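The next block is upload28.tsv, given as TSV, C-alpha atoms.
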chain	number	residue	atom	x	y	z
A	14	LEU	CA	24.44	-14.54	-6.79
A	15	LYS	CA	26.68	-16.65	-4.53
A	16	LEU	CA	24.54	-15.52	-1.56
A	17	GLY	CA	21.36	-16.72	-3.30
A	18	ALA	CA	20.19	-13.51	-4.97
A	19	LYS	CA	17.66	-13.76	-7.79
A	20	LEU	CA	17.76	-11.31	-10.71
A	21	GLY	CA	14.79	-9.94	-12.59
A	22	LYS	CA	14.48	-8.63	-16.12
A	23	THR	CA	16.47	-5.61	-17.29
A	24	LYS	CA	14.29	-2.52	-17.61
A	25	LYS	CA	14.75	1.01	-18.86
A	26	LYS	CA	13.35	3.62	-16.48
A	27	ILE	CA	12.77	7.31	-16.99
A	28	ASP	CA	12.11	9.38	-13.87
A	29	ILE	CA	10.89	12.97	-14.17
A	30	PHE	CA	11.10	15.00	-10.95
A	31	TYR	CA	8.89	17.94	-9.99
A	32	LYS	CA	9.19	20.39	-7.10
A	33	PRO	CA	7.21	23.41	-5.95
A	34	LYS	CA	8.28	26.52	-7.86
A	35	ASN	CA	9.57	28.28	-4.73
A	36	GLU	CA	11.69	25.25	-3.70
A	37	VAL	CA	13.46	24.39	-6.97
A	38	ARG	CA	16.85	25.64	-5.69
A	39	ALA	CA	16.08	25.22	-1.96
A	40	THR	CA	18.53	23.41	0.29
A	41	LEU	CA	17.31	19.85	0.86
A	42	ARG	CA	15.93	19.46	4.36
A	43	PRO	CA	13.41	17.30	6.21
A	44	GLY	CA	9.86	18.03	5.12
A	45	LEU	CA	10.67	19.01	1.54
A	46	TYR	CA	9.04	16.86	-1.07
A	47	ILE	CA	9.19	15.95	-4.73
A	48	LEU	CA	6.77	14.28	-7.07
A	49	ARG	CA	8.19	11.77	-9.51
A	50	ILE	CA	6.66	10.40	-12.67
A	51	ARG	CA	8.25	7.08	-13.58
A	52	GLU	CA	7.91	5.32	-16.92
A	53	SER	CA	9.17	1.77	-17.22
A	54	GLY	CA	7.76	-0.18	-20.12
A	55	SER	CA	3.99	-0.14	-19.72
A	56	ASP	CA	4.24	0.85	-16.03
A	57	LYS	CA	3.53	4.50	-15.29
A	58	LEU	CA	3.70	5.68	-11.68
A	59	LEU	CA	3.33	8.89	-9.71
A	60	THR	CA	5.33	8.94	-6.48
A	61	PHE	CA	5.29	11.46	-3.63
A	62	LYS	CA	8.60	11.46	-1.72
A	63	ALA	CA	9.23	13.54	1.43
A	64	LEU	CA	12.68	13.77	2.98
A	65	THR	CA	12.83	12.65	6.62
A	66	ASN	CA	15.44	13.65	9.21
A	67	ILE	CA	17.31	10.35	8.65
A	68	LYS	CA	19.76	10.48	5.73
A	69	GLY	CA	18.69	8.16	2.95
A	70	VAL	CA	15.19	7.60	4.38
A	71	TRP	CA	12.21	9.03	2.49
A	72	GLU	CA	8.52	8.82	3.23
A	73	GLU	CA	6.93	7.53	0.00
A	74	TYR	CA	3.47	7.07	-1.48
A	75	GLU	CA	2.93	5.73	-4.98
A	76	THR	CA	0.05	5.13	-7.40
A	77	ARG	CA	-0.35	4.03	-10.99
A	78	ILE	CA	-1.30	6.57	-13.63
A	79	ASP	CA	-2.58	6.07	-17.17
A	80	LYS	CA	-1.47	9.18	-19.04
A	81	VAL	CA	1.98	10.62	-18.38
A	82	LYS	CA	1.54	13.75	-20.52
A	83	GLU	CA	-1.75	14.59	-18.78
A	84	MET	CA	-0.17	14.10	-15.35
A	85	GLN	CA	2.70	16.38	-16.35
A	86	LYS	CA	0.20	19.08	-17.35
A	87	ILE	CA	-1.65	18.69	-14.03
A	88	LEU	CA	1.57	19.03	-12.01
A	89	GLU	CA	2.60	22.10	-13.98
A	90	LYS	CA	-0.87	23.69	-13.65
A	91	VAL	CA	-0.76	23.37	-9.86
A	92	GLY	CA	2.59	25.20	-9.81
A	93	LEU	CA	5.17	22.43	-9.82
A	94	ILE	CA	8.30	22.74	-11.94
A	95	LYS	CA	10.13	19.93	-13.74
A	96	VAL	CA	13.62	20.06	-12.23
A	97	PHE	CA	15.40	17.12	-13.84
A	98	THR	CA	15.06	13.73	-15.49
A	99	ILE	CA	16.97	10.56	-14.64
A	100	ASN	CA	17.49	7.87	-17.28
A	101	LYS	CA	18.62	4.46	-16.11
A	102	ILE	CA	18.94	0.85	-17.11
A	103	ARG	CA	17.99	-1.30	-14.13
A	104	ILE	CA	18.38	-4.98	-13.28
A	105	PRO	CA	16.22	-5.63	-10.21
A	106	GLY	CA	16.92	-8.40	-7.73
A	107	LYS	CA	15.94	-9.93	-4.43
A	108	LEU	CA	17.97	-11.50	-1.64
A	109	GLY	CA	15.85	-12.60	1.29
A	110	ALA	CA	14.02	-9.53	2.61
A	111	PHE	CA	16.31	-7.20	0.64
A	112	GLU	CA	15.43	-5.73	-2.71
A	113	PHE	CA	18.26	-4.42	-4.82
A	114	ASN	CA	18.88	-2.81	-8.17
A	115	LEU	CA	21.93	-2.87	-10.38
A	116	ASP	CA	21.66	0.51	-12.08
A	117	LYS	CA	23.43	2.22	-14.94
A	118	VAL	CA	22.40	5.86	-14.50
A	119	LYS	CA	23.09	7.99	-17.57
A	120	GLU	CA	23.61	11.12	-15.49
A	121	LEU	CA	25.70	9.52	-12.68
A	122	GLY	CA	27.31	6.17	-13.54
A	123	ASN	CA	26.92	2.64	-12.12
A	124	TYR	CA	25.36	1.84	-8.74
A	125	ILE	CA	23.97	-0.98	-6.66
A	126	GLU	CA	20.96	0.24	-4.71
A	127	ILE	CA	19.82	-1.89	-1.76
A	128	GLY	CA	16.53	-1.36	0.01
A	129	LEU	CA	14.65	-2.88	2.89
A	130	ILE	CA	11.09	-1.97	3.77
A	131	ALA	CA	10.87	-1.39	7.51
A	132	LYS	CA	9.23	0.78	10.13
A	133	ASP	CA	12.58	1.61	11.76
A	134	GLY	CA	14.81	3.34	9.19
A	135	ILE	CA	17.95	3.18	11.34
A	136	LYS	CA	17.67	-0.58	11.95
A	137	ALA	CA	17.03	-1.11	8.24
A	138	GLN	CA	20.13	0.90	7.33
A	139	ASN	CA	22.24	-1.17	9.75
A	140	LYS	CA	21.00	-4.39	8.11
A	141	ILE	CA	21.81	-2.94	4.69
A	142	LYS	CA	25.34	-2.08	5.91
A	143	GLU	CA	25.76	-5.70	7.03
A	144	LEU	CA	24.81	-6.87	3.55
A	145	TYR	CA	27.27	-4.46	1.92
A	146	SER	CA	29.94	-5.89	4.21
A	147	LYS	CA	29.06	-9.45	3.07
A	148	LEU	CA	29.46	-8.17	-0.50
A	149	SER	CA	32.95	-6.84	0.41
A	150	ILE	CA	31.86	-3.25	-0.24
A	151	SER	CA	33.52	-0.97	2.31
A	152	GLU	CA	31.47	1.54	4.28
A	153	ASP	CA	33.34	4.48	2.74
A	154	LYS	CA	31.84	3.45	-0.63
A	155	LEU	CA	28.26	3.67	0.69
A	156	GLU	CA	26.15	6.49	-0.73
A	157	ARG	CA	22.91	6.96	1.16
A	158	ARG	CA	21.62	9.78	-0.99
A	159	GLY	CA	19.19	8.89	-3.73
A	160	TYR	CA	19.83	9.66	-7.38
A	161	GLY	CA	17.68	12.76	-7.10
A	162	GLU	CA	19.78	14.04	-4.20
A	163	LEU	CA	23.00	13.29	-6.10
A	164	ILE	CA	21.81	15.20	-9.15
A	165	ALA	CA	20.62	18.07	-6.92
A	166	ALA	CA	24.15	18.20	-5.44
A	167	LYS	CA	25.58	18.38	-8.99
A	168	MET	CA	23.21	21.33	-9.54
A	169	GLY	CA	24.70	23.04	-6.48
A	170	ILE	CA	21.75	22.34	-4.17
A	171	GLY	CA	22.93	21.53	-0.65
A	172	SER	CA	21.50	19.38	2.16
A	173	ASP	CA	20.76	20.58	5.66
A	174	GLY	CA	19.64	18.91	8.84
A	175	ILE	CA	19.96	15.35	7.55
A	176	LYS	CA	21.69	12.86	9.86
Show the structure stored in the file as structure tokens.
Amino acid sequence: LKLGAKLGKTKKKIDIFYKPKNEVRATLRPGLYILRIRESGSDKLLTFKALTNIKGVWEEYETRIDKVKEMQKILEKVGLIKVFTINKIRIPGKLGAFEFNLDKVKELGNYIEIGLIAKDGIKAQNKIKELYSKLSISEDKLERRGYGELIAAKMGIGSDGIK
């Protein structure tokens, strides 16, 4: 807040993750993807996320959906498996070009997630590191894996080929 950040309204979010049946326990690697259904109040979204070869950088596409239960049935009928659910309380915020979230993740604990939309993932990550430094958060505290990756690690699913 001292740097000029603005906070949004606290929201509860439920994320349900789906993967292809043959990749449920597969080691995470570039090219693998997940589909996520997110419910947050009246917002319902379907997101496609593909892991790139840069740690912490995902290719993402998102669209609104009307009926969560129907979308779940569609995903299951095309052979996707529900692998886990993430429940979180989120306070969103903005600081210049940065978007951030103060998250209390039921399955993992408390986090601050900072994002920057950019074409160059490495430059964006360097700018995010600079912001963490301004916040007096040391680099050894940085976690570039997403919540899905962290839960996958808790499930014993490894990562391979990610810089």
Next on the checklist: Residues near Pro33 (chain A), anyone? I mean within 8 Å using only C-alpha atoms, not counting same-chain ones fewer than 4 positions away, as JSON, numbers by chain.
Outcome noted: {"A": [37, 47, 92, 93, 94]}
Item to check | Selection near region 100-111 of chain A, 7 Å with only C-alpha atoms, sequence-local residues under 4 positions removed, as a ChimeraX atom specification | outcome: /A:17-28,115-119,127-129
The selected residues should be written to file as a PDB file, keeping the file's coordinate frame (atoms: C-alpha atoms).
ATOM      1  CA  GLY A  17      21.360 -16.720  -3.300  1.00  0.00           C
ATOM      2  CA  ALA A  18      20.190 -13.510  -4.970  1.00  0.00           C
ATOM      3  CA  LYS A  19      17.660 -13.760  -7.790  1.00  0.00           C
ATOM      4  CA  LEU A  20      17.760 -11.310 -10.710  1.00  0.00           C
ATOM      5  CA  GLY A  21      14.790  -9.940 -12.590  1.00  0.00           C
ATOM      6  CA  LYS A  22      14.480  -8.630 -16.120  1.00  0.00           C
ATOM      7  CA  THR A  23      16.470  -5.610 -17.290  1.00  0.00           C
ATOM      8  CA  LYS A  24      14.290  -2.520 -17.610  1.00  0.00           C
ATOM      9  CA  LYS A  25      14.750   1.010 -18.860  1.00  0.00           C
ATOM     10  CA  LYS A  26      13.350   3.620 -16.480  1.00  0.00           C
ATOM     11  CA  ILE A  27      12.770   7.310 -16.990  1.00  0.00           C
ATOM     12  CA  ASP A  28      12.110   9.380 -13.870  1.00  0.00           C
ATOM     13  CA  LEU A 115      21.930  -2.870 -10.380  1.00  0.00           C
ATOM     14  CA  ASP A 116      21.660   0.510 -12.080  1.00  0.00           C
ATOM     15  CA  LYS A 117      23.430   2.220 -14.940  1.00  0.00           C
ATOM     16  CA  VAL A 118      22.400   5.860 -14.500  1.00  0.00           C
ATOM     17  CA  LYS A 119      23.090   7.990 -17.570  1.00  0.00           C
ATOM     18  CA  ILE A 127      19.820  -1.890  -1.760  1.00  0.00           C
ATOM     19  CA  GLY A 128      16.530  -1.360   0.010  1.00  0.00           C
ATOM     20  CA  LEU A 129      14.650  -2.880   2.890  1.00  0.00           C
TER      21      LEU A 129
END
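Nearest residue to Leu64 (chain A) among A:Thr76, A:Lys167, A:Leu41, A:Arg49 is A:Leu41, counting all atoms listed in the file.
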Checklist entry - Do you know which residues are at most 10 Å from region 135-143 of chain A counting only C-alpha atoms, after dropping those on the same chain fewer than 4 positions away, and could you put them as an MDAnalysis selection string? => result chainID A and resid 67:70 111 126:131 147:152 155 157
Okay, now the selection with C-alpha atoms, as a PDB file, in the frame of the given file?
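The result, stored in result22.pdb:
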ATOM      1  CA  ILE A  67      17.310  10.350   8.650  1.00  0.00           C
ATOM      2  CA  LYS A  68      19.760  10.480   5.730  1.00  0.00           C
ATOM      3  CA  GLY A  69      18.690   8.160   2.950  1.00  0.00           C
ATOM      4  CA  VAL A  70      15.190   7.600   4.380  1.00  0.00           C
ATOM      5  CA  PHE A 111      16.310  -7.200   0.640  1.00  0.00           C
ATOM      6  CA  GLU A 126      20.960   0.240  -4.710  1.00  0.00           C
ATOM      7  CA  ILE A 127      19.820  -1.890  -1.760  1.00  0.00           C
ATOM      8  CA  GLY A 128      16.530  -1.360   0.010  1.00  0.00           C
ATOM      9  CA  LEU A 129      14.650  -2.880   2.890  1.00  0.00           C
ATOM     10  CA  ILE A 130      11.090  -1.970   3.770  1.00  0.00           C
ATOM     11  CA  ALA A 131      10.870  -1.390   7.510  1.00  0.00           C
ATOM     12  CA  LYS A 147      29.060  -9.450   3.070  1.00  0.00           C
ATOM     13  CA  LEU A 148      29.460  -8.170  -0.500  1.00  0.00           C
ATOM     14  CA  SER A 149      32.950  -6.840   0.410  1.00  0.00           C
ATOM     15  CA  ILE A 150      31.860  -3.250  -0.240  1.00  0.00           C
ATOM     16  CA  SER A 151      33.520  -0.970   2.310  1.00  0.00           C
ATOM     17  CA  GLU A 152      31.470   1.540   4.280  1.00  0.00           C
ATOM     18  CA  LEU A 155      28.260   3.670   0.690  1.00  0.00           C
ATOM     19  CA  ARG A 157      22.910   6.960   1.160  1.00  0.00           C
TER      20      ARG A 157
END
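CA of Gln85 (chain A) sits 21.5 Å away from CA of Ala39 (chain A).
Among A:Ile50, A:Arg38, A:Leu45, A:Ile125, the residue with the shortest atom-to-atom distance to Leu88 (chain A), counting all atoms listed in the file, is A:Ile50.
The two atoms in question, CA of Ala63 (chain A) and CA of Leu48 (chain A), are spaced 8.9 Å apart.
With CA of Ile78 (chain A) on one side and CA of Asp56 (chain A) on the other, the separation reads 8.3 Å.
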Next on the checklist: Show me, as a count of residues only, the residues that have an atom within 8 Å of Val96 (chain A) when counting all atoms listed in the file, minus same-chain residues fewer than 2 positions from it.
Outcome noted: 7
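Compared by their closest atoms to Lys154 (chain A), and using only C-alpha atoms, the residues A:Tyr124, A:Arg51, A:Leu58, A:Ile99 rank with A:Tyr124 nearest.
Comparing the minimum interatomic distances between Arg42 (chain A) and each of A:Gly169, A:Glu83, A:Gly54, A:Thr65, counting all atoms listed in the file, we find that A:Thr65 sits nearest.
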